[in-house]
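For reference, the structure discussed in these notes is given below.
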Amino acid sequence: MELMRAARLHIPSRTLTVEEVPVPAPGPGQVLVKVEAAGVCLSDVHLIDGTLTPAHLPGDTVTLGHEVAGIIVERGPNVTDWPAGRRVVLQAGEVRDGRVLTRGVDYDGGWAAYALASVDTLVTLPDSIPFEQGAIIPDAVSTPWGAITTTADIRAGQAVGVWGIGGLGVHAVQLLRTIGAYPIVAVDPAPAARRRALDFGADLALDPADPSLVDRILATTGGRGLEAAFDLAGVAAVREQALSVLGPKGRLVLAGLTDQPLTVTDGTRFSYLQHQILGHYGSAEDAVAQLIALAGGGRLDFSRSITDVLLLSDAAKAVERLRSKQGDPIRLILRP
């Protein structure tokens with residue numbers, strides 16, 4: 001039996017260990033992918049610290065990693081159109097039996113030497129895009145893309161705010177700039193994150209503790225307020241603040257995950273201004289292919305998003321760096 005190394009999380013104890021496990025064999029409709037790059041996401045940190053818990057994991061241990069790129073090395077029965085040697089990105093999840101399951105959460109992911117993938121979760125990665133950049137497109141880029149283009153339906157010229165300029169937020173700013181949103185207001189307590197937001201295309205970057213935040217947003221938007229706000233931090237206080245600067249019929253999109261209650265302090269104002277609160281998770285099936293096409297065509301560049309590449313054996317170190325924001329990482333990559 002051939003063995004491989006994998007970073008496995010034991011859910012009851014929240015213990016992460018890199019251990020030897022059997023290389024999985026692809027079944028019907030599956031391929032085996034040699035992992036070349038796997039992203040480290042704040043959701044992985046939250047799985048480890050207990051903030052998030054898998055909803056559909058059949059056992060008590062899972063190989064983490066939902067941002068994965070690699071090379072097909074073996075095809076399962078009846079797979080004919082995905083040849084060995086093809087470079088691919090794996091979708092971050094799939095629908096099984098009517099349920100949305102997330103790779104590296106509800107079933108084994110890509111913090112390993114090899115990963116299984118259903119053929120309907122594969123997207124070809126052109127040679128022009130490095131594996132490290134391709135790996136982060138599912139989730140780090142596709143989640144804000146879906147929130148912006150589908151859930152919020154942002155149009156050119158609309159005023160938007162982004163709360164939380166981490167791995168999702170910085171890409172939200174970049175994508176909003178690409179589609180012509182204006183002005184783009186970024187909000188984050190970290191000075192480095194605010195500088196990064198401006199580098200990636202924000203028109204204004206504010207500290208949420210700034211007492212003049214509301215006035216500055218109103219001034220920037222000509223007094224009308226924001227047409228949409230994105231919570232990419234998953235923090236209750238963010239949601240209250242974002243609601244306070246929405247204009248008439250403004251919408252708040254919740255893409256950051258939290259187990260804390262959602263409250264609306266001023267219900268009368270909320271109803272009078274016809275505000276909306278929209279939940280968002282993941283992205284449509286065609287989002288990753290769209291983003292790969294845009295990157296391959298030179299419309300998007302994710303080279304600045306890769307802060308560092310670490311070995312799989314350093315998975316715990318990568319998690320701690322992201323948790324503590326050491327070096328202000330956008331995305332850390334694990335390579336087996």
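Naming works like this for the structure tokens: A, B, ... for the chains as they're shown, residue 1 at the start of each chain, ligands 1 onward in shown order.
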query = DSSP on the backbone: what in range 87-124 of chain A comes out strand (DSSP E or B), as a count of residues only?
reply = 23
Quick check for you: according to DSSP on this backbone, which residues of range 179-265 of chain A are classed as helix (DSSP H, G or I)? Reply as a PDB file with all heavy atoms, in the first residue's frame.
```
ATOM      1  N   ILE A 179     -14.365  45.671 -11.938  1.00  0.00           N
ATOM      2  CA  ILE A 179     -15.686  45.817 -12.556  1.00  0.00           C
ATOM      3  C   ILE A 179     -16.197  47.255 -12.525  1.00  0.00           C
ATOM      4  O   ILE A 179     -17.298  47.534 -12.991  1.00  0.00           O
ATOM      5  CB  ILE A 179     -16.723  44.880 -11.911  1.00  0.00           C
ATOM      6  CG1 ILE A 179     -17.011  45.278 -10.468  1.00  0.00           C
ATOM      7  CG2 ILE A 179     -16.277  43.430 -11.989  1.00  0.00           C
ATOM      8  CD1 ILE A 179     -18.197  44.528  -9.882  1.00  0.00           C
ATOM      9  N   PRO A 191      -3.246  48.923  10.318  1.00  0.00           N
ATOM     10  CA  PRO A 191      -2.671  49.861   9.352  1.00  0.00           C
ATOM     11  C   PRO A 191      -2.117  49.183   8.110  1.00  0.00           C
ATOM     12  O   PRO A 191      -2.280  49.690   6.989  1.00  0.00           O
ATOM     13  CB  PRO A 191      -1.562  50.549  10.160  1.00  0.00           C
ATOM     14  CG  PRO A 191      -2.002  50.433  11.590  1.00  0.00           C
ATOM     15  CD  PRO A 191      -2.699  49.115  11.679  1.00  0.00           C
ATOM     16  N   ALA A 192      -1.485  48.017   8.276  1.00  0.00           N
ATOM     17  CA  ALA A 192      -0.926  47.305   7.118  1.00  0.00           C
ATOM     18  C   ALA A 192      -2.035  46.867   6.163  1.00  0.00           C
ATOM     19  O   ALA A 192      -1.866  46.910   4.937  1.00  0.00           O
ATOM     20  CB  ALA A 192      -0.119  46.092   7.583  1.00  0.00           C
ATOM     21  N   ALA A 193      -3.175  46.444   6.716  1.00  0.00           N
ATOM     22  CA  ALA A 193      -4.295  46.035   5.871  1.00  0.00           C
ATOM     23  C   ALA A 193      -4.868  47.219   5.110  1.00  0.00           C
ATOM     24  O   ALA A 193      -5.254  47.097   3.940  1.00  0.00           O
ATOM     25  CB  ALA A 193      -5.378  45.372   6.723  1.00  0.00           C
ATOM     26  N   ARG A 194      -4.916  48.379   5.761  1.00  0.00           N
ATOM     27  CA  ARG A 194      -5.428  49.568   5.075  1.00  0.00           C
ATOM     28  C   ARG A 194      -4.487  49.998   3.952  1.00  0.00           C
ATOM     29  O   ARG A 194      -4.939  50.383   2.864  1.00  0.00           O
ATOM     30  CB  ARG A 194      -5.651  50.703   6.076  1.00  0.00           C
ATOM     31  CG  ARG A 194      -6.720  50.383   7.123  1.00  0.00           C
ATOM     32  CD  ARG A 194      -7.203  51.628   7.832  1.00  0.00           C
ATOM     33  NE  ARG A 194      -6.180  52.286   8.638  1.00  0.00           N
ATOM     34  CZ  ARG A 194      -5.885  51.966   9.889  1.00  0.00           C
ATOM     35  NH1 ARG A 194      -6.522  50.965  10.487  1.00  0.00           N
ATOM     36  NH2 ARG A 194      -4.956  52.637  10.563  1.00  0.00           N
ATOM     37  N   ARG A 195      -3.188  49.919   4.197  1.00  0.00           N
ATOM     38  CA  ARG A 195      -2.229  50.240   3.125  1.00  0.00           C
ATOM     39  C   ARG A 195      -2.385  49.273   1.962  1.00  0.00           C
ATOM     40  O   ARG A 195      -2.338  49.668   0.786  1.00  0.00           O
ATOM     41  CB  ARG A 195      -0.795  50.184   3.673  1.00  0.00           C
ATOM     42  CG  ARG A 195      -0.442  51.327   4.616  1.00  0.00           C
ATOM     43  CD  ARG A 195       1.058  51.384   4.858  1.00  0.00           C
ATOM     44  NE  ARG A 195       1.551  50.179   5.512  1.00  0.00           N
ATOM     45  CZ  ARG A 195       1.636  50.040   6.827  1.00  0.00           C
ATOM     46  NH1 ARG A 195       1.220  51.013   7.643  1.00  0.00           N
ATOM     47  NH2 ARG A 195       2.111  48.932   7.353  1.00  0.00           N
ATOM     48  N   ARG A 196      -2.572  48.005   2.289  1.00  0.00           N
ATOM     49  CA  ARG A 196      -2.745  46.985   1.251  1.00  0.00           C
ATOM     50  C   ARG A 196      -4.004  47.253   0.442  1.00  0.00           C
ATOM     51  O   ARG A 196      -4.017  47.098  -0.786  1.00  0.00           O
ATOM     52  CB  ARG A 196      -2.811  45.615   1.933  1.00  0.00           C
ATOM     53  CG  ARG A 196      -2.882  44.437   0.991  1.00  0.00           C
ATOM     54  CD  ARG A 196      -2.572  43.163   1.759  1.00  0.00           C
ATOM     55  NE  ARG A 196      -3.532  42.910   2.814  1.00  0.00           N
ATOM     56  CZ  ARG A 196      -3.252  42.278   3.947  1.00  0.00           C
ATOM     57  NH1 ARG A 196      -2.027  41.873   4.197  1.00  0.00           N
ATOM     58  NH2 ARG A 196      -4.184  42.048   4.839  1.00  0.00           N
ATOM     59  N   ALA A 197      -5.073  47.665   1.107  1.00  0.00           N
ATOM     60  CA  ALA A 197      -6.321  47.959   0.401  1.00  0.00           C
ATOM     61  C   ALA A 197      -6.110  49.065  -0.628  1.00  0.00           C
ATOM     62  O   ALA A 197      -6.611  48.979  -1.762  1.00  0.00           O
ATOM     63  CB  ALA A 197      -7.404  48.355   1.397  1.00  0.00           C
ATOM     64  N   LEU A 198      -5.375  50.099  -0.248  1.00  0.00           N
ATOM     65  CA  LEU A 198      -5.105  51.190  -1.188  1.00  0.00           C
ATOM     66  C   LEU A 198      -4.245  50.691  -2.349  1.00  0.00           C
ATOM     67  O   LEU A 198      -4.462  51.062  -3.506  1.00  0.00           O
ATOM     68  CB  LEU A 198      -4.424  52.348  -0.465  1.00  0.00           C
ATOM     69  CG  LEU A 198      -5.284  53.055   0.593  1.00  0.00           C
ATOM     70  CD1 LEU A 198      -4.443  54.048   1.387  1.00  0.00           C
ATOM     71  CD2 LEU A 198      -6.481  53.760  -0.054  1.00  0.00           C
ATOM     72  N   ASP A 199      -3.284  49.834  -2.054  1.00  0.00           N
ATOM     73  CA  ASP A 199      -2.435  49.274  -3.104  1.00  0.00           C
ATOM     74  C   ASP A 199      -3.241  48.457  -4.106  1.00  0.00           C
ATOM     75  O   ASP A 199      -2.921  48.428  -5.295  1.00  0.00           O
ATOM     76  CB  ASP A 199      -1.339  48.389  -2.500  1.00  0.00           C
ATOM     77  CG  ASP A 199      -0.276  49.183  -1.759  1.00  0.00           C
ATOM     78  OD1 ASP A 199      -0.189  50.403  -1.986  1.00  0.00           O
ATOM     79  OD2 ASP A 199       0.463  48.577  -0.945  1.00  0.00           O
ATOM     80  N   LEU A 213     -15.643  58.141  10.805  1.00  0.00           N
ATOM     81  CA  LEU A 213     -15.864  57.178   9.723  1.00  0.00           C
ATOM     82  C   LEU A 213     -17.156  57.450   8.962  1.00  0.00           C
ATOM     83  O   LEU A 213     -17.161  57.494   7.717  1.00  0.00           O
ATOM     84  CB  LEU A 213     -15.862  55.753  10.283  1.00  0.00           C
ATOM     85  CG  LEU A 213     -16.107  54.628   9.271  1.00  0.00           C
ATOM     86  CD1 LEU A 213     -15.223  53.423   9.573  1.00  0.00           C
ATOM     87  CD2 LEU A 213     -17.581  54.175   9.302  1.00  0.00           C
ATOM     88  N   VAL A 214     -18.260  57.629   9.664  1.00  0.00           N
ATOM     89  CA  VAL A 214     -19.539  57.845   8.988  1.00  0.00           C
ATOM     90  C   VAL A 214     -19.486  59.109   8.135  1.00  0.00           C
ATOM     91  O   VAL A 214     -19.885  59.113   6.963  1.00  0.00           O
ATOM     92  CB  VAL A 214     -20.694  57.923  10.013  1.00  0.00           C
ATOM     93  CG1 VAL A 214     -21.993  58.326   9.314  1.00  0.00           C
ATOM     94  CG2 VAL A 214     -20.864  56.580  10.727  1.00  0.00           C
ATOM     95  N   ASP A 215     -18.958  60.184   8.702  1.00  0.00           N
ATOM     96  CA  ASP A 215     -18.883  61.445   7.962  1.00  0.00           C
ATOM     97  C   ASP A 215     -17.983  61.320   6.737  1.00  0.00           C
ATOM     98  O   ASP A 215     -18.298  61.866   5.669  1.00  0.00           O
ATOM     99  CB  ASP A 215     -18.361  62.562   8.867  1.00  0.00           C
ATOM    100  CG  ASP A 215     -19.355  62.946   9.950  1.00  0.00           C
ATOM    101  OD1 ASP A 215     -20.566  62.691   9.756  1.00  0.00           O
ATOM    102  OD2 ASP A 215     -18.933  63.487  10.991  1.00  0.00           O
ATOM    103  N   ARG A 216     -16.881  60.593   6.865  1.00  0.00           N
ATOM    104  CA  ARG A 216     -15.955  60.458   5.739  1.00  0.00           C
ATOM    105  C   ARG A 216     -16.561  59.612   4.614  1.00  0.00           C
ATOM    106  O   ARG A 216     -16.364  59.908   3.437  1.00  0.00           O
ATOM    107  CB  ARG A 216     -14.627  59.858   6.209  1.00  0.00           C
ATOM    108  CG  ARG A 216     -13.870  60.781   7.152  1.00  0.00           C
ATOM    109  CD  ARG A 216     -12.520  60.214   7.529  1.00  0.00           C
ATOM    110  NE  ARG A 216     -11.593  60.210   6.389  1.00  0.00           N
ATOM    111  CZ  ARG A 216     -10.361  59.720   6.459  1.00  0.00           C
ATOM    112  NH1 ARG A 216      -9.913  59.206   7.611  1.00  0.00           N
ATOM    113  NH2 ARG A 216      -9.574  59.749   5.403  1.00  0.00           N
ATOM    114  N   ILE A 217     -17.325  58.586   4.992  1.00  0.00           N
ATOM    115  CA  ILE A 217     -17.981  57.779   3.962  1.00  0.00           C
ATOM    116  C   ILE A 217     -19.070  58.585   3.264  1.00  0.00           C
ATOM    117  O   ILE A 217     -19.210  58.549   2.033  1.00  0.00           O
ATOM    118  CB  ILE A 217     -18.534  56.471   4.570  1.00  0.00           C
ATOM    119  CG1 ILE A 217     -17.377  55.542   4.955  1.00  0.00           C
ATOM    120  CG2 ILE A 217     -19.486  55.774   3.587  1.00  0.00           C
ATOM    121  CD1 ILE A 217     -17.800  54.253   5.612  1.00  0.00           C
ATOM    122  N   LEU A 218     -19.816  59.342   4.036  1.00  0.00           N
ATOM    123  CA  LEU A 218     -20.855  60.178   3.422  1.00  0.00           C
ATOM    124  C   LEU A 218     -20.232  61.223   2.493  1.00  0.00           C
ATOM    125  O   LEU A 218     -20.745  61.490   1.402  1.00  0.00           O
ATOM    126  CB  LEU A 218     -21.695  60.854   4.499  1.00  0.00           C
ATOM    127  CG  LEU A 218     -22.645  59.932   5.273  1.00  0.00           C
ATOM    128  CD1 LEU A 218     -23.336  60.691   6.390  1.00  0.00           C
ATOM    129  CD2 LEU A 218     -23.677  59.309   4.338  1.00  0.00           C
ATOM    130  N   ALA A 219     -19.116  61.810   2.923  1.00  0.00           N
ATOM    131  CA  ALA A 219     -18.454  62.806   2.083  1.00  0.00           C
ATOM    132  C   ALA A 219     -17.941  62.179   0.790  1.00  0.00           C
ATOM    133  O   ALA A 219     -18.077  62.760  -0.297  1.00  0.00           O
ATOM    134  CB  ALA A 219     -17.301  63.449   2.850  1.00  0.00           C
ATOM    135  N   THR A 220     -17.377  60.975   0.899  1.00  0.00           N
ATOM    136  CA  THR A 220     -16.818  60.298  -0.272  1.00  0.00           C
ATOM    137  C   THR A 220     -17.897  59.890  -1.264  1.00  0.00           C
ATOM    138  O   THR A 220     -17.651  59.833  -2.475  1.00  0.00           O
ATOM    139  CB  THR A 220     -16.016  59.052   0.176  1.00  0.00           C
ATOM    140  OG1 THR A 220     -14.970  59.470   1.054  1.00  0.00           O
ATOM    141  CG2 THR A 220     -15.413  58.314  -1.007  1.00  0.00           C
ATOM    142  N   ALA A 236     -19.510  40.710  14.498  1.00  0.00           N
ATOM    143  CA  ALA A 236     -20.821  41.323  14.734  1.00  0.00           C
ATOM    144  C   ALA A 236     -20.758  42.848  14.669  1.00  0.00           C
ATOM    145  O   ALA A 236     -21.645  43.496  14.093  1.00  0.00           O
ATOM    146  CB  ALA A 236     -21.366  40.860  16.085  1.00  0.00           C
ATOM    147  N   ALA A 237     -19.724  43.455  15.249  1.00  0.00           N
ATOM    148  CA  ALA A 237     -19.614  44.909  15.263  1.00  0.00           C
ATOM    149  C   ALA A 237     -19.482  45.475  13.856  1.00  0.00           C
ATOM    150  O   ALA A 237     -19.940  46.592  13.567  1.00  0.00           O
ATOM    151  CB  ALA A 237     -18.417  45.337  16.109  1.00  0.00           C
ATOM    152  N   VAL A 238     -18.854  44.714  12.972  1.00  0.00           N
ATOM    153  CA  VAL A 238     -18.709  45.141  11.582  1.00  0.00           C
ATOM    154  C   VAL A 238     -20.078  45.316  10.945  1.00  0.00           C
ATOM    155  O   VAL A 238     -20.351  46.289  10.235  1.00  0.00           O
ATOM    156  CB  VAL A 238     -17.883  44.100  10.793  1.00  0.00           C
ATOM    157  CG1 VAL A 238     -18.120  44.226   9.290  1.00  0.00           C
ATOM    158  CG2 VAL A 238     -16.403  44.257  11.102  1.00  0.00           C
ATOM    159  N   ARG A 239     -20.962  44.398  11.218  1.00  0.00           N
ATOM    160  CA  ARG A 239     -22.284  44.419  10.590  1.00  0.00           C
ATOM    161  C   ARG A 239     -23.092  45.619  11.045  1.00  0.00           C
ATOM    162  O   ARG A 239     -23.771  46.267  10.246  1.00  0.00           O
ATOM    163  CB  ARG A 239     -22.991  43.095  10.886  1.00  0.00           C
ATOM    164  CG  ARG A 239     -22.213  41.929  10.310  1.00  0.00           C
ATOM    165  CD  ARG A 239     -22.689  40.571  10.757  1.00  0.00           C
ATOM    166  NE  ARG A 239     -21.958  39.546   9.995  1.00  0.00           N
ATOM    167  CZ  ARG A 239     -22.279  38.265   9.999  1.00  0.00           C
ATOM    168  NH1 ARG A 239     -23.300  37.836  10.718  1.00  0.00           N
ATOM    169  NH2 ARG A 239     -21.577  37.414   9.278  1.00  0.00           N
ATOM    170  N   GLU A 240     -23.011  45.945  12.309  1.00  0.00           N
ATOM    171  CA  GLU A 240     -23.699  47.124  12.831  1.00  0.00           C
ATOM    172  C   GLU A 240     -23.156  48.394  12.174  1.00  0.00           C
ATOM    173  O   GLU A 240     -23.914  49.271  11.761  1.00  0.00           O
ATOM    174  CB  GLU A 240     -23.510  47.204  14.347  1.00  0.00           C
ATOM    175  CG  GLU A 240     -24.310  46.177  15.126  1.00  0.00           C
ATOM    176  CD  GLU A 240     -25.790  46.505  15.187  1.00  0.00           C
ATOM    177  OE1 GLU A 240     -26.157  47.686  15.038  1.00  0.00           O
ATOM    178  OE2 GLU A 240     -26.584  45.568  15.364  1.00  0.00           O
ATOM    179  N   GLN A 241     -21.830  48.475  12.076  1.00  0.00           N
ATOM    180  CA  GLN A 241     -21.233  49.663  11.491  1.00  0.00           C
ATOM    181  C   GLN A 241     -21.575  49.778  10.004  1.00  0.00           C
ATOM    182  O   GLN A 241     -21.901  50.871   9.515  1.00  0.00           O
ATOM    183  CB  GLN A 241     -19.714  49.628  11.674  1.00  0.00           C
ATOM    184  CG  GLN A 241     -19.025  50.919  11.243  1.00  0.00           C
ATOM    185  CD  GLN A 241     -17.562  50.923  11.623  1.00  0.00           C
ATOM    186  OE1 GLN A 241     -16.771  50.148  11.088  1.00  0.00           O
ATOM    187  NE2 GLN A 241     -17.200  51.790  12.561  1.00  0.00           N
ATOM    188  N   ALA A 242     -21.516  48.678   9.289  1.00  0.00           N
ATOM    189  CA  ALA A 242     -21.816  48.707   7.861  1.00  0.00           C
ATOM    190  C   ALA A 242     -23.257  49.137   7.602  1.00  0.00           C
ATOM    191  O   ALA A 242     -23.537  49.923   6.687  1.00  0.00           O
ATOM    192  CB  ALA A 242     -21.547  47.342   7.246  1.00  0.00           C
ATOM    193  N   LEU A 243     -24.186  48.655   8.408  1.00  0.00           N
ATOM    194  CA  LEU A 243     -25.588  49.049   8.250  1.00  0.00           C
ATOM    195  C   LEU A 243     -25.769  50.551   8.453  1.00  0.00           C
ATOM    196  O   LEU A 243     -26.618  51.176   7.804  1.00  0.00           O
ATOM    197  CB  LEU A 243     -26.473  48.289   9.236  1.00  0.00           C
ATOM    198  CG  LEU A 243     -26.836  46.846   8.877  1.00  0.00           C
ATOM    199  CD1 LEU A 243     -27.553  46.175  10.041  1.00  0.00           C
ATOM    200  CD2 LEU A 243     -27.723  46.802   7.633  1.00  0.00           C
ATOM    201  N   SER A 244     -24.949  51.138   9.303  1.00  0.00           N
ATOM    202  CA  SER A 244     -25.115  52.561   9.630  1.00  0.00           C
ATOM    203  C   SER A 244     -24.709  53.479   8.485  1.00  0.00           C
ATOM    204  O   SER A 244     -25.052  54.670   8.500  1.00  0.00           O
ATOM    205  CB  SER A 244     -24.306  52.913  10.883  1.00  0.00           C
ATOM    206  OG  SER A 244     -22.918  52.971  10.603  1.00  0.00           O
TER     207      SER A 244
END
```
ask   = Quick one: of A:Ala7, A:Tyr272, A:Ala113, A:His280, who's nearest to Val23 in chain A, counting only C-alpha atoms?
value = A:Ala113
inquiry  = Neighbouring residues of range 118-121 of chain A were defined as those with any atom within 6 Å, considering only C-alpha atoms; residues of the same chain fewer than 5 positions away were excluded. Please report them as a PyMOL selection string.
reply    = chain A and resi 29-30+90-91
key: Shell of 9 Å around Ala287 in chain A, only C-alpha atoms, local chain residues under 2 positions omitted, as a count of residues only   = 12
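Around range 300-307 of chain A, within 9 Å and counting only C-alpha atoms, the residues found are Pro130, Glu132, Gln133, Gly134, Ile136, Ile137, Gly167, Val170, His171, Gln174, Leu175, Thr178, Leu291, Ile292, Leu294, Ala295, Gly296, Gly297, Gly298, Val309, Gly327, Asp328, Pro329, Ile330, Arg331, Leu332 and Ile333 of chain A, once anything fewer than 2 positions away on its own chain is removed.
Shell of range 201-211 of chain A at 7 Å, with only C-alpha atoms counted and residues fewer than 5 places along the chain excluded, is Val173, Gln174, Arg177, Pro183, Ile184, Val185, Ala186, Val187, Asp188, Pro189 and Arg194 of chain A.
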Within 7 Å of Met4 in chain A using only C-alpha atoms, minus same-chain residues under 2 positions, as a list in words = Glu2, Ala6, Glu20, Val21, Pro22, Val23 and Ala113 of chain A
